[in-house]
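Raw input-v6.cif, mmCIF, C-alpha atoms and all ligand atoms:
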data_data
loop_
_atom_site.label_atom_id
_atom_site.label_comp_id
_atom_site.auth_asym_id
_atom_site.auth_seq_id
_atom_site.Cartn_x
_atom_site.Cartn_y
_atom_site.Cartn_z
CA MET A 1 0.59 -20.11 -26.97
CA ALA A 2 0.69 -18.52 -23.53
CA GLU A 3 -1.18 -20.46 -20.91
CA LYS A 4 -4.55 -19.01 -20.07
CA ARG A 5 -4.81 -17.99 -16.41
CA TYR A 6 -7.95 -17.94 -14.29
CA LEU A 7 -7.90 -15.74 -11.20
CA MET A 8 -10.51 -17.08 -8.79
CA THR A 9 -9.30 -15.93 -5.41
CA PRO A 10 -11.31 -13.75 -3.03
CA GLY A 11 -8.99 -10.87 -3.88
CA PRO A 12 -7.44 -9.65 -5.95
CA THR A 13 -10.22 -10.31 -8.43
CA PRO A 14 -10.36 -9.92 -12.22
CA SER A 15 -11.08 -6.45 -13.61
CA PRO A 16 -13.54 -5.91 -16.49
CA PRO A 17 -11.97 -4.92 -19.82
CA GLU A 18 -13.47 -1.41 -19.54
CA VAL A 19 -11.56 -0.88 -16.30
CA LEU A 20 -8.28 -2.21 -17.69
CA ALA A 21 -8.65 -0.08 -20.82
CA ALA A 22 -9.19 3.04 -18.70
CA ILE A 23 -6.12 2.29 -16.60
CA ALA A 24 -4.03 1.88 -19.77
CA GLN A 25 -4.75 5.47 -20.90
CA PRO A 26 -1.93 8.05 -20.68
CA VAL A 27 -1.31 9.26 -17.13
CA ILE A 28 -2.96 12.57 -16.31
CA HIS A 29 -1.80 15.10 -13.74
CA HIS A 30 -3.55 15.02 -10.40
CA ARG A 31 -3.82 18.83 -10.11
CA GLY A 32 -5.33 19.30 -13.57
CA PRO A 33 -9.02 19.75 -14.47
CA ASP A 34 -9.40 16.28 -16.06
CA TYR A 35 -8.37 14.56 -12.87
CA LYS A 36 -10.40 16.85 -10.59
CA LYS A 37 -13.54 16.06 -12.53
CA LEU A 38 -13.15 12.30 -12.30
CA TYR A 39 -11.85 12.47 -8.71
CA ALA A 40 -15.09 14.23 -7.71
CA GLU A 41 -17.12 11.69 -9.67
CA CYS A 42 -15.27 8.77 -8.09
CA LEU A 43 -15.72 10.12 -4.54
CA GLY A 44 -19.43 10.65 -5.23
CA ARG A 45 -19.80 7.11 -6.57
CA LEU A 46 -17.99 5.74 -3.54
CA ARG A 47 -20.53 7.45 -1.28
CA GLU A 48 -23.31 5.80 -3.30
CA VAL A 49 -21.75 2.36 -2.99
CA TYR A 50 -21.17 2.94 0.73
CA ARG A 51 -24.71 4.25 1.05
CA THR A 52 -23.53 7.17 3.10
CA GLU A 53 -23.80 10.95 3.10
CA SER A 54 -20.41 11.17 4.82
CA GLU A 55 -17.19 11.79 2.97
CA VAL A 56 -15.42 8.58 1.94
CA LEU A 57 -11.66 9.10 2.21
CA LEU A 58 -9.56 7.53 -0.52
CA PHE A 59 -5.94 6.46 0.03
CA GLY A 60 -3.26 4.96 -2.14
CA ALA A 61 -2.87 1.77 -0.09
CA SER A 62 -4.15 -1.78 0.18
CA GLY A 63 -7.22 -2.42 2.34
CA THR A 64 -5.08 -2.76 5.44
CA GLY A 65 -4.16 0.92 4.99
CA ALA A 66 -7.80 1.91 5.48
CA MET A 67 -7.94 -0.30 8.57
CA GLU A 68 -4.73 1.22 9.93
CA SER A 69 -6.07 4.71 9.29
CA ALA A 70 -9.09 3.89 11.46
CA VAL A 71 -6.89 2.76 14.33
CA ALA A 72 -4.45 5.68 13.97
CA ASN A 73 -7.24 8.27 13.90
CA LEU A 74 -9.47 6.81 16.60
CA CYS A 75 -7.28 5.10 19.21
CA SER A 76 -5.11 6.64 21.89
CA PRO A 77 -2.38 4.70 23.69
CA GLY A 78 -3.79 2.94 26.76
CA GLU A 79 -7.39 3.37 25.67
CA PRO A 80 -9.59 0.25 25.95
CA VAL A 81 -11.03 -1.16 22.72
CA LEU A 82 -12.81 -4.42 21.91
CA VAL A 83 -11.86 -6.60 18.94
CA VAL A 84 -14.32 -9.30 17.87
CA SER A 85 -12.61 -11.93 15.73
CA ALA A 86 -13.38 -15.31 14.18
CA GLY A 87 -10.61 -15.65 11.61
CA TYR A 88 -7.43 -14.35 10.04
CA PHE A 89 -8.63 -10.81 9.29
CA GLY A 90 -10.28 -10.31 12.67
CA GLU A 91 -6.87 -11.01 14.16
CA ARG A 92 -5.52 -8.14 12.06
CA TRP A 93 -7.66 -5.63 13.96
CA ALA A 94 -6.14 -6.87 17.22
CA SER A 95 -2.58 -6.59 15.83
CA LEU A 96 -3.21 -3.09 14.51
CA ALA A 97 -4.83 -1.78 17.68
CA GLY A 98 -2.06 -3.38 19.73
CA ALA A 99 0.61 -1.77 17.53
CA TYR A 100 -0.88 1.66 18.31
CA GLY A 101 -0.79 0.96 22.04
CA ALA A 102 -4.54 0.53 22.62
CA GLU A 103 -5.57 -1.72 25.48
CA VAL A 104 -7.10 -4.54 23.48
CA ASP A 105 -9.83 -6.77 24.87
CA HIS A 106 -10.18 -9.61 22.38
CA LEU A 107 -13.43 -11.56 22.04
CA ARG A 108 -12.04 -14.42 19.99
CA TYR A 109 -14.21 -17.10 18.40
CA ALA A 110 -12.95 -20.28 16.76
CA TRP A 111 -12.23 -19.67 13.07
CA GLY A 112 -15.39 -20.32 11.10
CA GLU A 113 -17.77 -19.48 13.94
CA ILE A 114 -20.31 -16.69 13.61
CA PRO A 115 -19.95 -13.93 16.24
CA VAL A 116 -23.01 -13.40 18.46
CA THR A 117 -24.29 -9.92 19.35
CA ASP A 118 -25.31 -10.91 22.89
CA ASP A 119 -21.72 -11.95 23.60
CA VAL A 120 -20.49 -8.56 22.45
CA ALA A 121 -23.10 -6.75 24.55
CA ALA A 122 -22.16 -8.80 27.63
CA ARG A 123 -18.46 -8.17 27.06
CA LEU A 124 -19.01 -4.41 26.74
CA ARG A 125 -20.99 -4.41 30.00
CA GLU A 126 -18.05 -6.14 31.71
CA ARG A 127 -15.34 -4.04 30.10
CA PRO A 128 -16.44 -0.77 28.50
CA ALA A 129 -14.55 0.16 25.34
CA ALA A 130 -14.14 3.28 23.21
CA ALA A 131 -14.51 1.34 19.97
CA VAL A 132 -15.52 -2.13 18.77
CA PHE A 133 -13.67 -3.57 15.78
CA LEU A 134 -15.59 -6.04 13.61
CA THR A 135 -15.16 -7.95 10.35
CA HIS A 136 -18.12 -7.91 7.96
CA SER A 137 -16.96 -10.66 5.60
CA GLU A 138 -14.24 -12.84 7.17
CA THR A 139 -12.55 -13.85 3.92
CA SER A 140 -10.50 -16.58 5.59
CA THR A 141 -13.61 -18.59 6.56
CA GLY A 142 -16.40 -17.36 4.27
CA VAL A 143 -18.54 -16.13 7.17
CA VAL A 144 -20.45 -12.88 6.58
CA SER A 145 -21.82 -11.36 9.80
CA GLU A 146 -24.97 -9.29 10.13
CA LEU A 147 -23.63 -5.86 10.93
CA GLU A 148 -26.66 -3.88 12.00
CA PRO A 149 -27.20 -5.55 15.40
CA PHE A 150 -23.49 -5.30 16.23
CA ALA A 151 -23.48 -1.60 15.45
CA ALA A 152 -26.55 -1.15 17.68
CA VAL A 153 -24.94 -3.01 20.57
CA ALA A 154 -21.77 -0.91 20.28
CA ARG A 155 -23.78 2.32 20.15
CA GLU A 156 -25.83 1.38 23.22
CA ALA A 157 -22.58 0.77 25.08
CA GLY A 158 -21.19 4.15 24.03
CA ALA A 159 -18.58 2.63 21.71
CA LEU A 160 -17.87 3.40 18.07
CA SER A 161 -18.44 0.55 15.58
CA VAL A 162 -15.49 0.08 13.22
CA VAL A 163 -15.94 -2.42 10.40
CA ASP A 164 -13.60 -4.20 8.00
CA ALA A 165 -15.63 -4.37 4.79
CA VAL A 166 -12.68 -5.14 2.52
CA SER A 167 -14.25 -8.19 0.90
CA SER A 168 -17.92 -7.28 1.40
CA LEU A 169 -18.40 -3.78 0.02
CA GLY A 170 -20.28 -4.05 -3.27
CA ALA A 171 -20.86 -7.81 -2.88
CA VAL A 172 -23.39 -7.98 -0.03
CA PRO A 173 -25.66 -5.30 1.45
CA LEU A 174 -23.91 -2.73 3.61
CA GLU A 175 -25.95 0.28 4.68
CA THR A 176 -23.39 2.55 6.32
CA ASP A 177 -25.82 5.33 7.31
CA ALA A 178 -29.03 3.37 7.81
CA TRP A 179 -27.27 0.88 10.09
CA GLU A 180 -25.38 3.73 11.79
CA ILE A 181 -21.95 2.18 11.39
CA ASP A 182 -19.32 4.66 12.49
CA VAL A 183 -16.39 3.56 10.37
CA VAL A 184 -16.24 1.34 7.29
CA ALA A 185 -12.85 0.40 5.83
CA SER A 186 -12.52 -1.24 2.43
CA GLY A 187 -10.31 -1.84 -0.60
CA ALA A 188 -10.66 -1.66 -4.37
CA GLN A 189 -9.39 -5.09 -5.39
CA LYS A 190 -12.40 -7.23 -4.46
CA ALA A 191 -16.01 -6.49 -5.38
CA LEU A 192 -14.97 -3.07 -6.68
CA MET A 193 -13.18 -4.92 -9.51
CA THR A 194 -10.09 -2.68 -9.64
CA PRO A 195 -6.43 -3.77 -9.47
CA PRO A 196 -4.97 -3.55 -5.94
CA GLY A 197 -3.70 -0.23 -4.57
CA LEU A 198 -6.67 1.81 -3.36
CA ALA A 199 -8.19 1.83 0.12
CA MET A 200 -11.19 3.78 1.37
CA VAL A 201 -12.79 4.60 4.69
CA SER A 202 -15.93 6.40 5.83
CA ALA A 203 -16.40 8.06 9.22
CA SER A 204 -19.59 9.17 10.99
CA ALA A 205 -19.91 12.50 12.84
CA ALA A 206 -19.16 10.66 16.10
CA ALA A 207 -16.04 9.11 14.58
CA TRP A 208 -14.84 12.52 13.37
CA GLU A 209 -15.34 13.94 16.84
CA LYS A 210 -13.30 11.11 18.35
CA ALA A 211 -10.59 11.53 15.70
CA GLY A 212 -10.20 15.16 16.69
CA GLY A 213 -9.03 14.17 20.17
CA ALA A 214 -7.21 10.90 19.43
CA GLY A 215 -3.61 10.81 20.57
CA SER A 216 -1.90 8.45 18.11
CA PRO A 217 0.74 9.76 15.72
CA ARG A 218 -0.21 9.75 12.05
CA TYR A 219 0.68 11.64 8.90
CA TYR A 220 0.00 9.84 5.60
CA PHE A 221 -3.19 8.32 7.00
CA ASP A 222 -4.37 11.44 8.83
CA TRP A 223 -8.09 11.71 8.12
CA GLU A 224 -8.32 15.49 8.53
CA ARG A 225 -5.55 16.22 6.02
CA THR A 226 -7.21 13.91 3.53
CA ARG A 227 -10.66 15.38 4.11
CA LYS A 228 -9.33 18.91 3.56
CA GLY A 229 -7.64 17.82 0.33
CA GLN A 230 -10.73 16.06 -0.94
CA ALA A 231 -12.91 19.10 -0.12
CA THR A 232 -11.03 21.12 -2.77
CA LEU A 233 -10.30 18.10 -4.99
CA ASP A 234 -6.65 18.69 -4.22
CA ALA A 235 -5.28 15.40 -2.87
CA PRO A 236 -2.69 15.89 -0.10
CA VAL A 237 -0.27 13.47 -1.85
CA THR A 238 0.08 12.22 -5.42
CA PRO A 239 -2.73 9.68 -5.74
CA PRO A 240 -2.34 6.51 -7.87
CA VAL A 241 -4.02 8.46 -10.66
CA SER A 242 -4.51 5.56 -13.07
CA LEU A 243 -6.07 3.37 -10.41
CA VAL A 244 -8.50 6.12 -9.50
CA VAL A 245 -9.40 6.37 -13.20
CA GLY A 246 -10.03 2.60 -13.18
CA LEU A 247 -11.99 2.64 -9.94
CA ASN A 248 -14.23 5.38 -11.28
CA VAL A 249 -15.10 3.25 -14.30
CA ALA A 250 -15.65 0.15 -12.14
CA LEU A 251 -17.96 2.04 -9.77
CA GLY A 252 -19.86 3.38 -12.78
CA LEU A 253 -20.40 -0.18 -14.04
CA ILE A 254 -21.63 -1.34 -10.63
CA LEU A 255 -24.01 1.59 -10.19
CA ASP A 256 -25.32 1.37 -13.75
CA GLN A 257 -26.30 -2.23 -13.12
CA GLY A 258 -27.51 -1.32 -9.63
CA LEU A 259 -26.24 -2.45 -6.27
CA GLU A 260 -29.25 -4.69 -5.69
CA ALA A 261 -28.51 -6.57 -8.92
CA ALA A 262 -24.90 -7.01 -7.79
CA PHE A 263 -26.03 -8.41 -4.42
CA GLU A 264 -28.43 -10.81 -6.14
CA ARG A 265 -25.71 -12.02 -8.53
CA HIS A 266 -23.37 -12.72 -5.62
CA ILE A 267 -26.05 -14.75 -3.84
CA ARG A 268 -26.73 -16.82 -6.96
CA LEU A 269 -23.01 -17.39 -7.60
CA GLY A 270 -22.62 -18.54 -4.00
CA ARG A 271 -25.53 -20.97 -4.43
CA ALA A 272 -24.08 -22.35 -7.66
CA CYS A 273 -20.68 -22.84 -6.06
CA ARG A 274 -22.02 -24.57 -2.95
CA GLU A 275 -24.31 -26.91 -4.88
CA GLY A 276 -21.46 -27.87 -7.23
CA VAL A 277 -19.08 -28.51 -4.35
CA LYS A 278 -21.61 -30.69 -2.53
CA ALA A 279 -22.49 -32.60 -5.71
CA MET A 280 -18.85 -33.67 -5.93
CA GLY A 281 -19.18 -35.10 -2.43
CA LEU A 282 -17.09 -32.43 -0.72
CA GLU A 283 -17.89 -30.79 2.59
CA LEU A 284 -18.38 -27.06 2.94
CA PHE A 285 -16.47 -25.13 5.59
CA SER A 286 -18.31 -21.82 5.04
CA PRO A 287 -22.01 -21.76 6.02
CA ASP A 288 -24.36 -23.58 3.65
CA ASP A 289 -26.73 -20.64 3.21
CA ASP A 290 -27.10 -17.43 1.24
CA SER A 291 -24.95 -15.47 3.69
CA SER A 292 -21.96 -17.15 1.98
CA ALA A 293 -22.13 -14.90 -1.05
CA VAL A 294 -18.51 -13.72 -1.05
CA VAL A 295 -16.31 -16.80 -0.89
CA THR A 296 -16.98 -20.52 -0.64
CA ALA A 297 -14.63 -22.34 1.70
CA VAL A 298 -14.37 -26.10 1.20
CA ARG A 299 -12.79 -28.80 3.36
CA ALA A 300 -10.14 -30.81 1.54
CA PRO A 301 -11.15 -34.48 1.35
CA GLU A 302 -9.44 -37.08 3.55
CA GLY A 303 -5.78 -37.49 2.65
CA VAL A 304 -5.53 -34.31 0.54
CA ASP A 305 -3.50 -31.29 1.63
CA SER A 306 -5.44 -28.26 0.38
CA SER A 307 -2.26 -26.22 -0.20
CA GLU A 308 -1.00 -28.97 -2.51
CA LEU A 309 -4.32 -28.96 -4.34
CA VAL A 310 -4.13 -25.19 -4.82
CA LEU A 311 -0.57 -25.45 -6.20
CA LEU A 312 -1.54 -28.23 -8.61
CA LEU A 313 -4.50 -26.20 -9.84
CA ARG A 314 -2.31 -23.16 -10.42
CA ASP A 315 0.72 -24.85 -11.94
CA ARG A 316 -0.92 -27.51 -14.07
CA HIS A 317 -4.28 -25.99 -14.90
CA GLY A 318 -3.71 -22.23 -14.67
CA VAL A 319 -6.50 -21.86 -12.10
CA THR A 320 -5.67 -19.79 -9.04
CA LEU A 321 -7.81 -20.53 -5.98
CA ALA A 322 -6.97 -19.53 -2.40
CA PRO A 323 -5.59 -21.95 0.18
CA GLY A 324 -6.47 -21.99 3.88
CA GLN A 325 -4.82 -19.27 5.96
CA GLY A 326 -3.33 -19.49 9.44
CA GLU A 327 -4.72 -22.44 11.35
CA LEU A 328 -6.79 -23.52 8.33
CA LYS A 329 -3.68 -23.98 6.16
CA GLY A 330 -3.73 -27.37 4.45
CA LYS A 331 -7.32 -28.02 5.57
CA ILE A 332 -9.51 -25.88 3.34
CA PHE A 333 -9.43 -24.18 -0.04
CA ARG A 334 -11.46 -21.16 -1.05
CA ILE A 335 -13.22 -20.22 -4.28
CA GLY A 336 -13.83 -16.49 -4.55
CA HIS A 337 -16.89 -15.14 -6.36
CA ILE A 338 -16.58 -11.44 -5.67
CA GLY A 339 -16.96 -8.83 -8.36
CA TYR A 340 -16.46 -9.59 -12.05
CA TYR A 341 -17.59 -13.23 -12.07
CA ASP A 342 -20.35 -15.10 -13.78
CA VAL A 343 -21.61 -18.66 -13.47
CA PHE A 344 -19.15 -19.96 -16.08
CA ASP A 345 -16.30 -18.85 -13.85
CA ILE A 346 -17.82 -21.00 -11.13
CA THR A 347 -18.18 -24.02 -13.40
CA THR A 348 -14.58 -23.58 -14.57
CA ALA A 349 -13.36 -23.57 -10.99
CA LEU A 350 -15.48 -26.61 -10.11
CA ALA A 351 -14.37 -28.59 -13.16
CA ALA A 352 -10.72 -27.85 -12.40
CA VAL A 353 -11.10 -28.82 -8.72
CA GLU A 354 -12.74 -32.09 -9.74
CA LEU A 355 -9.91 -32.90 -12.15
CA ALA A 356 -7.15 -31.97 -9.72
CA LEU A 357 -8.70 -33.98 -6.88
CA VAL A 358 -8.86 -37.05 -9.13
CA GLU A 359 -5.20 -36.48 -10.00
CA LEU A 360 -4.43 -36.43 -6.27
CA GLY A 361 -6.21 -39.75 -5.81
CA ALA A 362 -9.25 -38.42 -3.93
CA GLU A 363 -12.63 -40.03 -4.32
CA VAL A 364 -15.03 -37.54 -5.84
CA GLU A 365 -18.29 -37.89 -7.68
CA ARG A 366 -17.39 -37.01 -11.26
CA GLY A 367 -19.40 -35.17 -13.86
CA ILE A 368 -22.29 -33.69 -11.91
CA ALA A 369 -20.84 -30.62 -10.19
CA VAL A 370 -21.07 -28.38 -13.25
CA THR A 371 -24.66 -29.42 -14.02
CA ARG A 372 -25.74 -28.89 -10.42
CA ALA A 373 -24.05 -25.50 -10.28
CA LEU A 374 -25.79 -24.35 -13.46
CA GLU A 375 -29.14 -25.58 -12.17
CA ALA A 376 -28.67 -23.81 -8.84
CA PHE A 377 -27.79 -20.60 -10.63
CA GLU A 378 -30.66 -20.75 -13.14
CA HIS A 379 -33.54 -22.14 -11.17
CA THR A 380 -33.43 -19.98 -8.12
CA THR A 381 -34.58 -16.47 -7.61
CA VAL A 382 -33.55 -14.34 -4.69
N1 LIG B 1 -9.78 -7.75 5.52
C1 LIG B 1 -10.35 -8.68 4.74
C2 LIG B 1 -11.68 -9.22 5.14
C3 LIG B 1 -9.71 -9.11 3.58
O1 LIG B 1 -10.27 -10.04 2.80
C4 LIG B 1 -8.44 -8.57 3.23
C5 LIG B 1 -7.70 -9.02 2.00
N2 LIG B 1 -7.80 -10.36 1.71
C6 LIG B 1 -7.91 -7.61 4.09
C7 LIG B 1 -8.59 -7.22 5.20
C8 LIG B 1 -6.58 -7.02 3.82
O2 LIG B 1 -6.61 -6.26 2.68
P1 LIG B 1 -5.28 -5.92 1.89
O3 LIG B 1 -4.60 -7.22 1.58
O4 LIG B 1 -5.81 -5.21 0.69
O5 LIG B 1 -4.45 -5.06 2.75
#

Could you express the structure from this file as structure tokens?
Amino acid sequence: MAEKRYLMTPGPTPSPPEVLAAIAQPVIHHRGPDYKKLYAECLGRLREVYRTESEVLLFGASGTGAMESAVANLCSPGEPVLVVSAGYFGERWASLAGAYGAEVDHLRYAWGEIPVTDDVAARLRERPAAAVFLTHSETSTGVVSELEPFAAVAREAGALSVVDAVSSLGAVPLETDAWEIDVVASGAQKALMTPPGLAMVSASAAAWEKAGGAGSPRYYFDWERTRKGQATLDAPVTPPVSLVVGLNVALGLILDQGLEAAFERHIRLGRACREGVKAMGLELFSPDDDSSAVVTAVRAPEGVDSSELVLLLRDRHGVTLAPGQGELKGKIFRIGHIGYYDVFDITTALAAVELALVELGAEVERGIAVTRALEAFEHTTV
């Protein structure tokens, strides 16, 4: 019998059977009426999930494509921008803006720290910037930042707020319009429960105005071309039709259940995971509070290399967790709980971690993690 595999990384995430079944249907043509109908529906649902009245542009790309589109459409060579980073994906904003020739001021925190709005305000007073690039959920550390105050600080300083919401959209609250966030970039393969290959980005009126005068070269990721295409449901390139079909179903499932219910489930899954991890005697790397609703990052115990643990879990037990990235390589491992997960996925991950750590000779408290996780999930309300 084929080995059963458990995908428990913070992206890509498992897709519900309804989504997979939709993707498996015969391919339809992207200029035909069937596609136009579901394309319109999908774009409308995206706006609902984004909580925005603005158009959400959809690209065939991974999440980084949406991020790159933001840089390509907003930045001009030599223009000052501010990047706020505290982990692997924050660094990506700096690399992207640098690649497009922007003059990057980098407010860099130690990985795992939580960025502070006052620091950003002070930095912008010192060095004005056209745009501030932020990470909502820093998947490499498990830190989820409060976006609203950052957006306000950027606005007061006359800068656009540009947010990486790749691992947060649909998992934790994100009010694009109410919080007046200028640009939100995301991807389909996390809380939106769709196989990888779709990226999306929203832009405020101010961001559109800036895009009109930005001097970076772009073609595939040109926002205006894409907006024009979407306005007539006539995509400027051949979209990954089957993925859009799948995304539309996934968004329907999320909205049927309600976004608030999704946020609550993510909080409870985070609680279950943290309580289980602590019951085993392990130390959390991500914050020990409800902000850690996307991914739980755990320090490997003394004498254990977390990359080795992750390999053992995958190869011997069929459980795929995420290792530490960049400077956290070998030091932490990460359990994702974004999208199509329930508490039994958490207990499976915890039970497998417990077993693998024992195999690696680590001292862990055995037999209570699963019980604690179930209790934390059941006996708490948000
Ligand atoms: N930003 C964050 C916060 C992410 O978690 C990821 C994916 N792990 C990315 C950006 C990059 O997305 P992709 O791999 O889809 O390009």

Open item on the list: So that I can check the surroundings of A:Ala99, please list as a ChimeraX atom specification every protein, DNA and RNA residue that reaches within 12 Å of it, counting all atoms listed in the file and ignoring chain neighbours fewer than 3 positions away.
Closed with: /A:68,71-72,75-78,92-96,102-104,216-217

TODO: Let me have all residues with an atom within 9 Å of ligand LIG 1 (chain B), counting all atoms listed in the file, laid out as a ChimeraX atom specification.
DONE: /A:10-12,61-67,88-90,92-93,135-140,164-168,185-190,196-199

Go ahead and write the residues just picked, C-alpha atoms, as a PDB file, keeping the file's coordinate frame.
ATOM      1  CA  PRO A  10     -11.310 -13.750  -3.030  1.00  0.00           C
ATOM      2  CA  GLY A  11      -8.990 -10.870  -3.880  1.00  0.00           C
ATOM      3  CA  PRO A  12      -7.440  -9.650  -5.950  1.00  0.00           C
ATOM      4  CA  ALA A  61      -2.870   1.770  -0.090  1.00  0.00           C
ATOM      5  CA  SER A  62      -4.150  -1.780   0.180  1.00  0.00           C
ATOM      6  CA  GLY A  63      -7.220  -2.420   2.340  1.00  0.00           C
ATOM      7  CA  THR A  64      -5.080  -2.760   5.440  1.00  0.00           C
ATOM      8  CA  GLY A  65      -4.160   0.920   4.990  1.00  0.00           C
ATOM      9  CA  ALA A  66      -7.800   1.910   5.480  1.00  0.00           C
ATOM     10  CA  MET A  67      -7.940  -0.300   8.570  1.00  0.00           C
ATOM     11  CA  TYR A  88      -7.430 -14.350  10.040  1.00  0.00           C
ATOM     12  CA  PHE A  89      -8.630 -10.810   9.290  1.00  0.00           C
ATOM     13  CA  GLY A  90     -10.280 -10.310  12.670  1.00  0.00           C
ATOM     14  CA  ARG A  92      -5.520  -8.140  12.060  1.00  0.00           C
ATOM     15  CA  TRP A  93      -7.660  -5.630  13.960  1.00  0.00           C
ATOM     16  CA  THR A 135     -15.160  -7.950  10.350  1.00  0.00           C
ATOM     17  CA  HIS A 136     -18.120  -7.910   7.960  1.00  0.00           C
ATOM     18  CA  SER A 137     -16.960 -10.660   5.600  1.00  0.00           C
ATOM     19  CA  GLU A 138     -14.240 -12.840   7.170  1.00  0.00           C
ATOM     20  CA  THR A 139     -12.550 -13.850   3.920  1.00  0.00           C
ATOM     21  CA  SER A 140     -10.500 -16.580   5.590  1.00  0.00           C
ATOM     22  CA  ASP A 164     -13.600  -4.200   8.000  1.00  0.00           C
ATOM     23  CA  ALA A 165     -15.630  -4.370   4.790  1.00  0.00           C
ATOM     24  CA  VAL A 166     -12.680  -5.140   2.520  1.00  0.00           C
ATOM     25  CA  SER A 167     -14.250  -8.190   0.900  1.00  0.00           C
ATOM     26  CA  SER A 168     -17.920  -7.280   1.400  1.00  0.00           C
ATOM     27  CA  ALA A 185     -12.850   0.400   5.830  1.00  0.00           C
ATOM     28  CA  SER A 186     -12.520  -1.240   2.430  1.00  0.00           C
ATOM     29  CA  GLY A 187     -10.310  -1.840  -0.600  1.00  0.00           C
ATOM     30  CA  ALA A 188     -10.660  -1.660  -4.370  1.00  0.00           C
ATOM     31  CA  GLN A 189      -9.390  -5.090  -5.390  1.00  0.00           C
ATOM     32  CA  LYS A 190     -12.400  -7.230  -4.460  1.00  0.00           C
ATOM     33  CA  PRO A 196      -4.970  -3.550  -5.940  1.00  0.00           C
ATOM     34  CA  GLY A 197      -3.700  -0.230  -4.570  1.00  0.00           C
ATOM     35  CA  LEU A 198      -6.670   1.810  -3.360  1.00  0.00           C
ATOM     36  CA  ALA A 199      -8.190   1.830   0.120  1.00  0.00           C
TER      37      ALA A 199
END

Which residues are close to A:Ala322, i.e. within 6 Å by all atoms listed in the file, leaving aside same-chain residues fewer than 2 positions away? Reply as a JSON list (two decimals) with C-alpha atoms, in the frame of the given file.
[["chain", "number", "residue", "atom", "x", "y", "z"],
["A", 9, "THR", "CA", -9.30, -15.93, -5.41],
["A", 333, "PHE", "CA", -9.43, -24.18, -0.04],
["A", 334, "ARG", "CA", -11.46, -21.16, -1.05]]

- [ ] Within 9 Å of A:Ala152, counting all atoms listed in the file, which residues show up once you throw out same-chain ones fewer than 4 positions away? Write them as a list in words, please.
- [x] Leu147, Glu148, Glu156, Ala157, Ser161, Trp179, Glu180 and Ile181 of chain A

Open item on the list: As an exercise, work out the distance from atom CA of A:Pro287 to atom CA of A:Gly142 in Å and give it to one decimal place.
Closed with: 7.3 Å

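Among the candidate residues A:Glu209, A:Asp222, A:Asp182, A:Glu375, the one lying nearest to A:Arg268 is A:Glu375, with distances computed using only C-alpha atoms.
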
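You can rank A:Val116, A:Ala250, A:Met280, A:Leu259 by their closest distance to A:Val358 using only C-alpha atoms, and at the top of that list sits A:Met280.
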
TODO: Would you mind listing what lies within 6 Å of stretch 15-28 of chain A as a list in words, with all atoms listed in the file counted and same-chain residues fewer than 2 positions away left out?
DONE: Met193, Thr194, Ser242, Gly246, Val249 and Ala250 of chain A

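Interatomic distance, atom CA of A:Gly212 against atom CA of A:Arg51: 24.0 Å.
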
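Nearest residue to A:Glu3 among A:Lys329, A:Lys37, A:Arg366, A:Arg314 is A:Arg314, counting all atoms listed in the file.
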
Open item on the list: I want to know what sits within 12 Å of A:Glu363, based on only C-alpha atoms, with residues of the same chain fewer than 6 positions away left out; could you give that as a PyMOL selection string?
Closed with: chain A and resi 280-282+300-304+354-357

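Distances to A:Arg45 were evaluated for A:Pro323, A:Gly170, A:Gly336, A:Pro240 using all atoms listed in the file, and the minimum falls at A:Gly170.
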
Can we get stretch 66-89 of chain A of that structure written down with C-alpha atoms, as a tab-separated table (two decimals), in the first residue's frame?
chain	number	residue	atom	x	y	z
A	66	ALA	CA	2.31	39.46	-6.80
A	67	MET	CA	5.08	41.00	-4.69
A	68	GLU	CA	7.21	41.63	-7.77
A	69	SER	CA	4.25	43.20	-9.55
A	70	ALA	CA	3.92	45.68	-6.68
A	71	VAL	CA	7.57	46.69	-6.94
A	72	ALA	CA	7.52	46.85	-10.76
A	73	ASN	CA	4.38	48.99	-10.84
A	74	LEU	CA	5.19	51.33	-7.96
A	75	CYS	CA	8.96	51.86	-7.82
A	76	SER	CA	11.16	53.95	-10.07
A	77	PRO	CA	14.94	53.52	-10.22
A	78	GLY	CA	16.64	55.70	-7.61
A	79	GLU	CA	13.44	56.33	-5.68
A	80	PRO	CA	13.69	55.93	-1.89
A	81	VAL	CA	11.59	53.19	-0.28
A	82	LEU	CA	11.56	51.69	3.21
A	83	VAL	CA	11.55	47.94	3.83
A	84	VAL	CA	10.64	46.73	7.33
A	85	SER	CA	11.82	43.16	7.88
A	86	ALA	CA	12.09	40.63	10.70
A	87	GLY	CA	12.60	37.38	8.81
A	88	TYR	CA	13.15	35.55	5.55
A	89	PHE	CA	10.19	37.01	3.64
